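Novice: Please find one structure pasted underneath; my questions will follow.
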Amino acid sequence: MSPPLGLAALGLATPIGTRADAVADALFAGTRDGLRPRSGFVPGRAVHVGSVDAPLPPVPAGLETYDCRNNRLLLLALEQIRDAVETAAARHGRHRIAVIIGTSTSGMAEAEAGFAAMRRDGAWTGPFHYDQLATGGPAEFAARALDLPGPAYTVATACSSSGKVFASARRLIRSGLCDAALVGGADTLCGTTLGGFSALEAVSAGLCNPFSANRDGINIGEAAAVFLLTAEDAPVRLLGVGESSDAHHVSAPDPEGRGAFAAMRAALGDAGLAPQDIAYVNLHGTATALNDSMEGKAVHALFGDATPCSSTKAMTGHTLGAAGACEAAFLWLTLNPAHNPDGLLPPHLWDGAPDPEIPPLNLIGPGAALPAGPAAMLSNSFAFGGSNVALVLGRGEWR
């Protein structure tokens, strides 16, 4: 069994804060301040969304064709780990650092504005360029912004995108194609996703309410999270990855959660751990009727009703292609004593009304904590088309 890889540095921008310490404070306090009603995304109604309010940096000179909110949000996170990337480049060579980014929207908001201008004016006017919209754009932009000429590509598997980048990067490192990888994801708010989910009747009328009998849909958010993944040791390590593709339906999950269960079980097997070794599960927990039901069945079947669980989407909203990396970042913060000296767990925020159709889970409230010492945690990301991934992160010696 190959040794785990180290997650040496984290850059983070979310609706509940920017940079690790600020996000950790809000995460463990259980804030819902990041979700606010906004008009303009869905015709005729305001919807709660999670937006990043921090100022975004301009794109570097020479990269103007990539200038969009998605890439500027990604750059805000990248700048937080630039020093760690430079240290790795000095040690290994710039060409030995891969860049693998997950997204689902890329620069869709700028494309929406560009198409609206074209319809209005009859010609392409303004700053729109295909580089803003291209699905592969985020990885190309990140590699060029940090002058990393090695392997660079984007993973776009909807809401599992930035969870799957960890598997891709690990394969590159273990195969000897690179020595380190910049991994993560970025997605930003746009009318296409909010209108699409609204058309599916999947957007909540208020604040999302994961795993409640009263849940009525998601809140959508935006975020960027990036890590430096290396073969060297670090306080928090990537212990295991599990993937599955059940292809049950183009948008609905398998109602019995078979794909979700397979991904979690594969992640545990990859990590060499048993279910009882997992101290906390970050649920995908979108607050839609079908997702929560199937995930509850799968998690209960594997972990029972004792393992602490929560969905952090009640704080950030569902950040779509950024969700896998964003919620891996929440595990990283939870496991890292430098950012979580009291060992707190992210609380599950809801109305406290369990759904009798969902097997019982240990949905934890504010103040729940871990004992000191080694710990391993699992995070789920499930996507349209049954593209599933589970990540196991840990601290201390597990192998």
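Naming works like this for the structure tokens: A, B, ... for the chains as they're shown, residue 1 at the start of each chain, ligands 1 onward in shown order.
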Using DSSP on the backbone coordinates, identify the residues of region 114-356 of chain A assigned to alpha helix (DSSP H); present them as a PyMOL selection string.
Specialist: chain A and resi 114-121+130-133+137-145+161-174+191-199+258-271+289-303+313-316+323-335
Novice: Can you pull out the residues contacting region 7-18 of chain A? Cut-off 7 Å, using only C-alpha atoms, and skip same-chain residues under 2 positions away; I want them as a PyMOL selection string.
Specialist: chain A and resi 5+20+22-23+26+33-34+50-52+77-78+80-81+84+222-230+234+236-238+316
Novice: Can you work out the spacing between CA of Ile218 (chain A) and CA of Thr312 (chain A) in Å, to one decimal?
Specialist: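 A separation of 12.0 Å between them.
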Novice: Between A:Gly240, A:Gly373, A:Gly221, A:Pro360, which one has atoms that come closest to Asp53 (chain A), using only C-alpha atoms?
Specialist: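 Comparing A:Gly240, A:Gly373, A:Gly221, A:Pro360 against Asp53 (chain A), the winner is A:Gly221.
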Novice: Quick one: everything within 6 Å of region 262-266 of chain A, counting only C-alpha atoms, minus sequence neighbours fewer than 6 positions away in the same chain. Send it as a PyMOL selection string.
Specialist: chain A and resi 242-244+389-390
Novice: Next, the residues of the selection above should be written as a short mmCIF file (atom, residue, chain, number, x, y, z; two decimals), in the first residue's frame with N, CA and C atoms.
Specialist:
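For reference, part_37.cif as written:
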```cif
data_model
loop_
_atom_site.label_atom_id
_atom_site.label_comp_id
_atom_site.auth_asym_id
_atom_site.auth_seq_id
_atom_site.Cartn_x
_atom_site.Cartn_y
_atom_site.Cartn_z
N GLY A 242 -12.06 7.26 -2.97
CA GLY A 242 -12.94 6.26 -3.55
C GLY A 242 -13.84 6.89 -4.58
N GLU A 243 -13.93 6.28 -5.76
CA GLU A 243 -14.77 6.80 -6.83
C GLU A 243 -15.74 5.72 -7.30
N SER A 244 -16.90 6.16 -7.77
CA SER A 244 -17.85 5.25 -8.40
C SER A 244 -18.63 6.02 -9.45
N VAL A 389 -17.54 10.63 -5.49
CA VAL A 389 -16.21 10.54 -4.92
C VAL A 389 -16.29 10.73 -3.42
N ALA A 390 -15.46 10.00 -2.69
CA ALA A 390 -15.30 10.17 -1.24
C ALA A 390 -13.81 10.30 -0.95
#
```
Novice: If we count only C-alpha atoms, what is near Gly185 (chain A) at a cut-off of 9 Å, once residues fewer than 2 positions away on the same chain are taken out, given as an MDAnalysis selection string?
Specialist: chainID A and resid 74 100:103 138 154:155 161:163 165 183 187 223:226 321:326
Novice: Keeping only all heavy atoms, take the residues you just selected and write them out as a short mmCIF file (atom, residue, chain, number, x, y, z; two decimals), in the first residue's frame.
Specialist:
```
data_model
loop_
_atom_site.label_atom_id
_atom_site.label_comp_id
_atom_site.auth_asym_id
_atom_site.auth_seq_id
_atom_site.Cartn_x
_atom_site.Cartn_y
_atom_site.Cartn_z
N LEU A 74 -10.58 32.16 -8.04
CA LEU A 74 -9.52 31.15 -7.95
C LEU A 74 -8.19 31.80 -7.60
O LEU A 74 -7.44 31.28 -6.76
CB LEU A 74 -9.43 30.41 -9.28
CG LEU A 74 -8.33 29.36 -9.43
CD1 LEU A 74 -8.46 28.26 -8.39
CD2 LEU A 74 -8.36 28.77 -10.84
N ILE A 100 -4.25 20.78 -11.31
CA ILE A 100 -5.51 20.09 -11.63
C ILE A 100 -6.63 20.78 -10.85
O ILE A 100 -6.63 20.77 -9.61
CB ILE A 100 -5.45 18.60 -11.30
CG1 ILE A 100 -4.20 17.97 -11.91
CG2 ILE A 100 -6.70 17.89 -11.82
CD1 ILE A 100 -4.00 16.53 -11.56
N ILE A 101 -7.54 21.40 -11.56
CA ILE A 101 -8.60 22.21 -10.97
C ILE A 101 -9.95 21.66 -11.39
O ILE A 101 -10.15 21.26 -12.54
CB ILE A 101 -8.48 23.68 -11.42
CG1 ILE A 101 -7.11 24.26 -11.03
CG2 ILE A 101 -9.61 24.53 -10.83
CD1 ILE A 101 -6.86 24.34 -9.54
N GLY A 102 -10.91 21.66 -10.47
CA GLY A 102 -12.28 21.27 -10.77
C GLY A 102 -13.20 22.46 -10.89
O GLY A 102 -13.05 23.45 -10.16
N THR A 103 -14.14 22.40 -11.81
CA THR A 103 -15.15 23.44 -11.94
C THR A 103 -16.36 22.87 -12.65
O THR A 103 -16.28 21.82 -13.31
CB THR A 103 -14.61 24.66 -12.73
OG1 THR A 103 -15.51 25.76 -12.59
CG2 THR A 103 -14.46 24.34 -14.21
N PRO A 138 -9.87 27.28 -16.08
CA PRO A 138 -9.31 27.49 -14.74
C PRO A 138 -7.92 26.90 -14.54
O PRO A 138 -7.05 27.54 -13.96
CB PRO A 138 -10.35 26.83 -13.82
CG PRO A 138 -11.63 26.97 -14.56
CD PRO A 138 -11.26 26.78 -16.01
N THR A 154 -8.29 20.52 -16.35
CA THR A 154 -9.47 20.74 -15.53
C THR A 154 -10.32 19.49 -15.50
O THR A 154 -10.47 18.81 -16.53
CB THR A 154 -10.29 21.92 -16.08
OG1 THR A 154 -9.49 23.10 -16.10
CG2 THR A 154 -11.53 22.18 -15.24
N VAL A 155 -10.88 19.17 -14.34
CA VAL A 155 -11.84 18.08 -14.19
C VAL A 155 -13.23 18.70 -14.06
O VAL A 155 -13.43 19.59 -13.24
CB VAL A 155 -11.52 17.22 -12.96
CG1 VAL A 155 -12.61 16.16 -12.74
CG2 VAL A 155 -10.16 16.55 -13.11
N SER A 161 -16.49 17.42 -9.14
CA SER A 161 -15.30 17.83 -9.91
C SER A 161 -14.06 18.00 -9.05
O SER A 161 -13.01 17.41 -9.31
CB SER A 161 -15.58 19.14 -10.67
OG SER A 161 -16.65 19.01 -11.56
N SER A 162 -14.15 18.85 -8.03
CA SER A 162 -12.95 19.17 -7.26
C SER A 162 -12.67 18.17 -6.15
O SER A 162 -11.70 18.33 -5.41
CB SER A 162 -13.02 20.59 -6.70
OG SER A 162 -14.12 20.76 -5.84
N GLY A 163 -13.49 17.13 -6.03
CA GLY A 163 -13.11 15.98 -5.21
C GLY A 163 -12.27 15.03 -6.03
O GLY A 163 -11.28 14.46 -5.55
N VAL A 165 -10.23 15.72 -8.39
CA VAL A 165 -8.87 16.20 -8.71
C VAL A 165 -7.83 15.57 -7.80
O VAL A 165 -6.66 15.41 -8.21
CB VAL A 165 -8.78 17.75 -8.63
CG1 VAL A 165 -9.75 18.39 -9.60
CG2 VAL A 165 -8.99 18.27 -7.22
N VAL A 183 -3.92 21.41 -6.45
CA VAL A 183 -5.25 20.84 -6.69
C VAL A 183 -6.31 21.68 -6.01
O VAL A 183 -6.06 22.33 -4.99
CB VAL A 183 -5.34 19.38 -6.17
CG1 VAL A 183 -4.38 18.48 -6.89
CG2 VAL A 183 -5.11 19.31 -4.66
N ASP A 187 -15.91 27.63 -8.36
CA ASP A 187 -17.17 27.85 -9.06
C ASP A 187 -17.79 29.15 -8.55
O ASP A 187 -17.66 29.48 -7.36
CB ASP A 187 -18.15 26.69 -8.84
CG ASP A 187 -18.35 25.85 -10.08
OD1 ASP A 187 -17.78 26.17 -11.15
OD2 ASP A 187 -19.10 24.86 -10.00
N ALA A 223 -17.32 29.39 -4.29
CA ALA A 223 -16.13 29.22 -3.46
C ALA A 223 -14.94 28.86 -4.33
O ALA A 223 -15.09 28.46 -5.49
CB ALA A 223 -16.34 28.13 -2.40
N ALA A 224 -13.76 29.00 -3.75
CA ALA A 224 -12.53 28.48 -4.34
C ALA A 224 -11.69 27.91 -3.21
O ALA A 224 -11.59 28.51 -2.13
CB ALA A 224 -11.76 29.58 -5.08
N ALA A 225 -11.10 26.75 -3.46
CA ALA A 225 -10.21 26.12 -2.49
C ALA A 225 -9.09 25.43 -3.25
O ALA A 225 -9.36 24.73 -4.22
CB ALA A 225 -10.96 25.11 -1.62
N VAL A 226 -7.86 25.65 -2.82
CA VAL A 226 -6.71 25.03 -3.48
C VAL A 226 -5.73 24.52 -2.43
O VAL A 226 -5.57 25.11 -1.37
CB VAL A 226 -5.99 26.02 -4.43
CG1 VAL A 226 -6.84 26.32 -5.65
CG2 VAL A 226 -5.61 27.31 -3.72
N GLY A 321 -19.10 22.72 -8.48
CA GLY A 321 -17.80 22.18 -8.84
C GLY A 321 -16.71 22.45 -7.85
O GLY A 321 -15.66 21.80 -7.87
N ALA A 322 -16.91 23.40 -6.95
CA ALA A 322 -15.93 23.70 -5.90
C ALA A 322 -16.21 22.94 -4.61
O ALA A 322 -15.39 22.99 -3.68
CB ALA A 322 -15.91 25.20 -5.60
N ALA A 323 -17.33 22.24 -4.53
CA ALA A 323 -17.75 21.65 -3.25
C ALA A 323 -16.78 20.61 -2.74
O ALA A 323 -16.47 20.57 -1.53
CB ALA A 323 -19.14 21.04 -3.39
N GLY A 324 -16.25 19.75 -3.60
CA GLY A 324 -15.34 18.70 -3.14
C GLY A 324 -14.12 19.27 -2.48
O GLY A 324 -13.71 18.83 -1.38
N ALA A 325 -13.48 20.26 -3.11
CA ALA A 325 -12.28 20.87 -2.54
C ALA A 325 -12.61 21.74 -1.34
O ALA A 325 -11.87 21.76 -0.35
CB ALA A 325 -11.55 21.68 -3.60
N CYS A 326 -13.73 22.47 -1.42
CA CYS A 326 -14.12 23.33 -0.30
C CYS A 326 -14.36 22.50 0.96
O CYS A 326 -13.91 22.85 2.05
CB CYS A 326 -15.35 24.12 -0.69
SG CYS A 326 -15.94 25.28 0.56
#
```
Novice: When you draw a straight line from CA of Met294 (chain A) to CA of His249 (chain A), how long is it in Å?
Specialist: 13.5 Å
Novice: Show me, as a count of residues only, the residues that have an atom within 7 Å of Leu345 (chain A) when counting only C-alpha atoms, minus same-chain residues fewer than 4 positions from it.
Specialist: 4
Novice: Find the residues around Ile220 (chain A) up to 10 Å (only C-alpha atoms counted), leave out those fewer than 6 positions away in its own chain, and share them as JSON, numbers by chain.
Specialist: {"A": [35, 47, 48, 49, 50, 51, 188, 189, 190, 193, 194, 197, 203, 204, 208, 286, 313, 316, 317, 318, 319, 320]}
Novice: Any chance you could list, as a ChimeraX atom specification, the residues in region 27-222 of chain A that come up strand (DSSP E or B) when DSSP is run on the backbone?
Specialist: /A:35-42,45-50,97-102,152-155,180-187,203,212,218,220-221
Novice: With only C-alpha atoms as the atoms that count, which of A:Leu370, A:Gly343, A:Pro210, A:Asp246 lies nearest to Asp355 (chain A)?
Specialist: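 Smallest separation from Asp355 (chain A) among the options: A:Pro210.
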Novice: For a test of reading the model, state the distance in Å between CA of Phe261 (chain A) and CA of His300 (chain A), rounded to one decimal.
Specialist: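 Distance between the two atoms: 9.5 Å.
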Novice: Could you check the closest approach to Thr307 (chain A) for each of A:Ala383, A:Ala247, A:Ala142, A:Met377 and tell me which residue wins, using only C-alpha atoms?
Specialist: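 Using only C-alpha atoms, the shortest distance to Thr307 (chain A) belongs to A:Met377.
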Novice: Using only C-alpha atoms, pick whichever of A:Gly137, A:Gly40, A:Gly259, A:Gly217 has the shortest atom-to-atom distance to Gly191 (chain A).
Specialist: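 Using only C-alpha atoms, the shortest distance to Gly191 (chain A) belongs to A:Gly40.
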